[in-house]
Amino acid sequence: MQAKTIKTEGANIPITVDVPYRFAAGSYLAKFLIELRDNGDFYGIKCPACGRVQVPPRVVCAMCHVENTQWIKLKNEGIIKTFTTMYMPLTDPTTGKAHEPPFAYGTVKLDGSDSGIDHMINPGVDPATIKVGMRVKAVLRPKDQRIGDLSDILYFDPIEGEITEGSGNSAPEQKDYGTFEVDQHIVAECRYYVGAIATRFYELLGSKRKLTGVNCKTCKKVFWPPRATCGRCFSALTEEDLVEIGPEGTLETFTKIDYNEPVHPKQGPQVYGIVKLDGADTGMAHLIKVEDYDTLKTGMRMKPLFSDSTNGNILDIMHFEPVAI
Ligand SMILES: [Zn+2]
Ligand SMILES: [Zn+2]
């Protein structure tokens, strides 16, 4: 969870959604990635019907729909078939971090192959100087830093020269590479606009350390956190319906979380609970701080601990903790 709020169109909260995942490479891609990692070699696979050499290798020829069988060892040079200039950050699926623009991203046809690898062109090269047909060479991570995915190719670097000799040689059958898995991330930078009522809620929380709920005059319910529509009678609610609640409340339920996820506001283990503030009819989940988890009980009285700084999000309440009796 990020901290700062930009109040140009009402309160909004930047959120980085980072979903780590793992995919099984399969035997062909496993060989490609392991050879690249361990020896810096590029391997393609040749279709027995049409003769196309595909890299990265795939089991079935996309044109003929027959099984590819013959491994071909390629050189680490080729030509740019096509490219685009990136003016927006591009997330590296290995690290989840963005490559800062501008840089060129292209499809490189390695000498001796008939397909292309999509990858970055050296970001230190002015994209305006890059041309289709330009020769490039793969620049790899130092061997002791390679991890076995496509990011082991740092980028392709423009070079002088002609098609390299000895490209596309048949390669002997290799050992069994076994199963191989690759860890990556799907990352989305988001900005959550909280709407007019919640903007006022965060302003009062940030500037006055005042907690508010929204009071539906039709069904006489007070919702916390505030919302624009009554969840019971669907009446429209406005900032005028905000009422001060709390700051103390009652613990309705709780759980302990022993694992960490990127979206968690702090490292675990941690306790989450739903606290119903005095004067509210609903509860909200937040962090609970307690010395001894086993002493927590539903129905316990809780109080908020406010942050020293104003973040413009719900972490202006750092956590709730039991009221000393
Ligand atoms: Zn084919
Ligand atoms: Zn209502």
# chains A, B, ... in the order shown; residues from 1 in each chain; ligands from 1
$ residues_near_ligand --ligand "ligand 2" --cutoff "8 Å" --atoms "only C-alpha atoms and all ligand atoms" --output "ChimeraX atom specification"
/A:216-221,229-235
$ write_last_selection --atoms "N, CA and C atoms" --output "short mmCIF file (atom, residue, chain, number, x, y, z; two decimals), in the first residue's frame"
data_model
loop_
_atom_site.label_atom_id
_atom_site.label_comp_id
_atom_site.auth_asym_id
_atom_site.auth_seq_id
_atom_site.Cartn_x
_atom_site.Cartn_y
_atom_site.Cartn_z
N CYS A 216 -27.70 7.14 6.92
CA CYS A 216 -28.84 7.10 6.01
C CYS A 216 -30.08 7.53 6.79
N LYS A 217 -30.66 8.65 6.35
CA LYS A 217 -31.83 9.18 7.08
C LYS A 217 -33.07 8.34 6.84
N THR A 218 -33.08 7.56 5.79
CA THR A 218 -34.25 6.74 5.48
C THR A 218 -34.33 5.53 6.40
N CYS A 219 -33.22 4.79 6.49
CA CYS A 219 -33.28 3.57 7.29
C CYS A 219 -32.53 3.69 8.62
N LYS A 220 -32.01 4.89 8.88
CA LYS A 220 -31.40 5.20 10.20
C LYS A 220 -30.17 4.34 10.49
N LYS A 221 -29.45 3.96 9.47
CA LYS A 221 -28.23 3.19 9.68
C LYS A 221 -27.01 4.08 9.43
N THR A 229 -23.91 5.10 -1.44
CA THR A 229 -25.25 4.52 -1.55
C THR A 229 -25.51 3.66 -0.31
N CYS A 230 -26.69 3.82 0.29
CA CYS A 230 -27.04 3.00 1.43
C CYS A 230 -27.11 1.52 1.00
N GLY A 231 -26.42 0.67 1.74
CA GLY A 231 -26.41 -0.74 1.39
C GLY A 231 -27.70 -1.46 1.74
N ARG A 232 -28.60 -0.78 2.46
CA ARG A 232 -29.87 -1.42 2.86
C ARG A 232 -31.04 -0.96 2.00
N CYS A 233 -31.17 0.38 1.86
CA CYS A 233 -32.35 0.88 1.13
C CYS A 233 -31.97 1.56 -0.18
N PHE A 234 -30.69 1.59 -0.50
CA PHE A 234 -30.18 2.14 -1.77
C PHE A 234 -30.42 3.64 -1.92
N SER A 235 -30.65 4.34 -0.81
CA SER A 235 -30.75 5.79 -0.89
C SER A 235 -29.39 6.38 -1.25
#
$ closest_atom_pairs --of "chain A" --to "ligand 1" --cutoff "6 Å" --atoms "only C-alpha atoms and all ligand atoms" --output "JSON lines"
{"residue": "A:Cys47", "atom": "CA", "partner": "ligand 1", "partner_atom_place_in_ligand_line": "1 (Zn)", "distance": 4.6}
{"residue": "A:Ala49", "atom": "CA", "partner": "ligand 1", "partner_atom_place_in_ligand_line": "1 (Zn)", "distance": 5.0}
{"residue": "A:Cys50", "atom": "CA", "partner": "ligand 1", "partner_atom_place_in_ligand_line": "1 (Zn)", "distance": 4.1}
{"residue": "A:Arg52", "atom": "CA", "partner": "ligand 1", "partner_atom_place_in_ligand_line": "1 (Zn)", "distance": 5.8}
{"residue": "A:Cys61", "atom": "CA", "partner": "ligand 1", "partner_atom_place_in_ligand_line": "1 (Zn)", "distance": 4.6}
{"residue": "A:Met63", "atom": "CA", "partner": "ligand 1", "partner_atom_place_in_ligand_line": "1 (Zn)", "distance": 5.0}
{"residue": "A:Cys64", "atom": "CA", "partner": "ligand 1", "partner_atom_place_in_ligand_line": "1 (Zn)", "distance": 4.2}
$ closest_residue --among "A:Asn12, A:Thr179, A:Thr85, A:Gln54" --to "His119 of chain A" --atoms "only C-alpha atoms"
A:Thr85
$ atom_distance --atom1 "atom CA of Leu90 of chain A" --atom2 "atom CA of Val55 of chain A"
22.5 Å
$ atom_distance --atom1 "atom CA of Met88 of chain A" --atom2 "atom CA of Asp126 of chain A"
15.6 Å
$ residues_around --residues "Ile314 of chain A" --least-positions-apart "3" --cutoff "9 Å" --atoms "only C-alpha atoms" --output "ChimeraX atom specification"
/A:202,205,286,311,317-318
$ write_last_selection --atoms "N, CA and C atoms" --output "short mmCIF file (atom, residue, chain, number, x, y, z; two decimals), in the first residue's frame"
data_model
loop_
_atom_site.label_atom_id
_atom_site.label_comp_id
_atom_site.auth_asym_id
_atom_site.auth_seq_id
_atom_site.Cartn_x
_atom_site.Cartn_y
_atom_site.Cartn_z
N TYR A 202 -11.49 11.18 4.37
CA TYR A 202 -10.03 11.19 4.53
C TYR A 202 -9.52 12.56 4.95
N LEU A 205 -10.20 12.77 8.62
CA LEU A 205 -9.29 11.86 9.30
C LEU A 205 -7.87 12.45 9.31
N HIS A 286 -9.26 -3.70 9.84
CA HIS A 286 -8.01 -2.94 9.99
C HIS A 286 -7.03 -3.78 10.80
N ASN A 311 -1.12 10.67 5.74
CA ASN A 311 -0.87 9.92 4.51
C ASN A 311 -1.99 10.06 3.49
N ILE A 317 -4.90 5.88 10.31
CA ILE A 317 -5.08 5.04 11.51
C ILE A 317 -4.03 3.94 11.38
N MET A 318 -3.03 3.93 12.24
CA MET A 318 -1.99 2.89 12.10
C MET A 318 -2.57 1.52 12.41
#
$ atom_distance --atom1 "atom CA of Phe306 of chain A" --atom2 "atom CA of Lys210 of chain A"
10.2 Å
$ closest_residue --among "A:Gly78, A:Gly206, A:Pro304, A:Gly44" --to "Arg58 of chain A" --atoms "only C-alpha atoms"
A:Gly44
$ closest_residue --among "A:Pro226, A:Ile80, A:Glu100, A:Leu296" --to "Thr199 of chain A" --atoms "only C-alpha atoms"
A:Pro226
$ select_by_dssp --residues "segment 26-58 of chain A" --states "helix (DSSP H, G or I)" --output "PyMOL selection string"
chain A and resi 26-39
$ closest_atom_pairs --of "segment 74-165 of chain A" --to "segment 13-16 of chain A" --cutoff "12 Å" --atoms "only C-alpha atoms" --output "tab-separated table"
residue	atom	partner	partner_atom	distance
A:Thr91	CA	A:Thr16	CA	11.9
A:Gly96	CA	A:Thr16	CA	10.1
A:Lys97	CA	A:Thr16	CA	10.7
A:Ala98	CA	A:Thr16	CA	11.9
$ residues_around --residues "Ile121 of chain A" --least-positions-apart "6" --cutoff "8 Å" --atoms "only C-alpha atoms" --output "PyMOL selection string"
chain A and resi 103-106+155-158
$ closest_residue --among "A:Thr298, A:Ser27, A:Gln184, A:Thr238" --to "Asp92 of chain A" --atoms "only C-alpha atoms"
A:Gln184
$ select_by_dssp --residues "segment 6-204 of chain A" --states "strand (DSSP E)" --output "NGL selection string"
:A and (12-24 or 42-46 or 53-54 or 70-74 or 77-86 or 90-91 or 98-99 or 103-110 or 117-120 or 135-140 or 153-158 or 169-170 or 181-193)
$ residues_around --residues "Ser115 of chain A" --least-positions-apart "2" --cutoff "10 Å" --atoms "only C-alpha atoms" --output "PyMOL selection string"
chain A and resi 44+52-57+81+107-113+117-118
$ write_last_selection --atoms "N, CA and C atoms" --output "CSV table (one decimal), in the first residue's frame"
chain,number,residue,atom,x,y,z
A,44,GLY,N,17.4,-23.1,-31.0
A,44,GLY,CA,16.2,-23.1,-31.7
A,44,GLY,C,15.8,-24.5,-32.1
A,52,ARG,N,11.3,-24.4,-41.0
A,52,ARG,CA,11.5,-23.2,-40.2
A,52,ARG,C,12.2,-23.5,-38.9
A,53,VAL,N,13.1,-22.6,-38.5
A,53,VAL,CA,13.8,-22.7,-37.2
A,53,VAL,C,13.1,-21.7,-36.2
A,54,GLN,N,12.5,-22.2,-35.2
A,54,GLN,CA,11.8,-21.3,-34.2
A,54,GLN,C,12.6,-21.1,-32.9
A,55,VAL,N,12.7,-19.9,-32.5
A,55,VAL,CA,13.3,-19.5,-31.2
A,55,VAL,C,12.6,-18.4,-30.6
A,56,PRO,N,12.2,-18.4,-29.3
A,56,PRO,CA,12.4,-19.6,-28.4
A,56,PRO,C,11.7,-20.8,-29.0
A,57,PRO,N,12.1,-22.0,-28.7
A,57,PRO,CA,11.6,-23.2,-29.3
A,57,PRO,C,10.2,-23.5,-28.8
A,81,LYS,N,13.9,-7.1,-36.8
A,81,LYS,CA,12.9,-7.3,-37.8
A,81,LYS,C,11.9,-6.1,-37.7
A,107,THR,N,11.7,-6.9,-32.2
A,107,THR,CA,11.7,-8.3,-32.5
A,107,THR,C,13.0,-8.6,-33.2
A,108,VAL,N,13.8,-9.5,-32.6
A,108,VAL,CA,15.2,-9.8,-33.2
A,108,VAL,C,15.1,-11.2,-33.8
A,109,LYS,N,15.5,-11.3,-35.0
A,109,LYS,CA,15.7,-12.6,-35.7
A,109,LYS,C,17.2,-13.0,-35.6
A,110,LEU,N,17.4,-14.0,-34.8
A,110,LEU,CA,18.8,-14.5,-34.7
A,110,LEU,C,19.3,-15.2,-36.0
A,111,ASP,N,20.5,-15.0,-36.3
A,111,ASP,CA,21.1,-15.6,-37.6
A,111,ASP,C,20.8,-17.1,-37.5
A,112,GLY,N,20.3,-17.7,-38.6
A,112,GLY,CA,20.0,-19.1,-38.6
A,112,GLY,C,18.6,-19.5,-38.2
A,113,SER,N,17.8,-18.5,-37.7
A,113,SER,CA,16.4,-18.8,-37.2
A,113,SER,C,15.5,-18.1,-38.2
A,117,ILE,N,12.7,-13.1,-31.4
A,117,ILE,CA,12.6,-12.9,-29.9
A,117,ILE,C,12.3,-11.5,-29.6
A,118,ASP,N,11.2,-11.2,-28.9
A,118,ASP,CA,10.9,-9.9,-28.5
A,118,ASP,C,11.7,-9.4,-27.3
$ closest_atom_pairs --of "segment 17-52 of chain A" --to "segment 159-168 of chain A" --cutoff "12 Å" --atoms "only C-alpha atoms" --output "tab-separated table"
residue	atom	partner	partner_atom	distance
A:Asp41	CA	A:Ser167	CA	11.8
A:Phe42	CA	A:Gly168	CA	9.9
A:Tyr43	CA	A:Gly168	CA	8.9
A:Gly44	CA	A:Gly168	CA	8.3
A:Ile45	CA	A:Gly168	CA	9.8
A:Lys46	CA	A:Gly168	CA	9.6
A:Gly51	CA	A:Gly168	CA	11.6
A:Arg52	CA	A:Gly168	CA	11.0
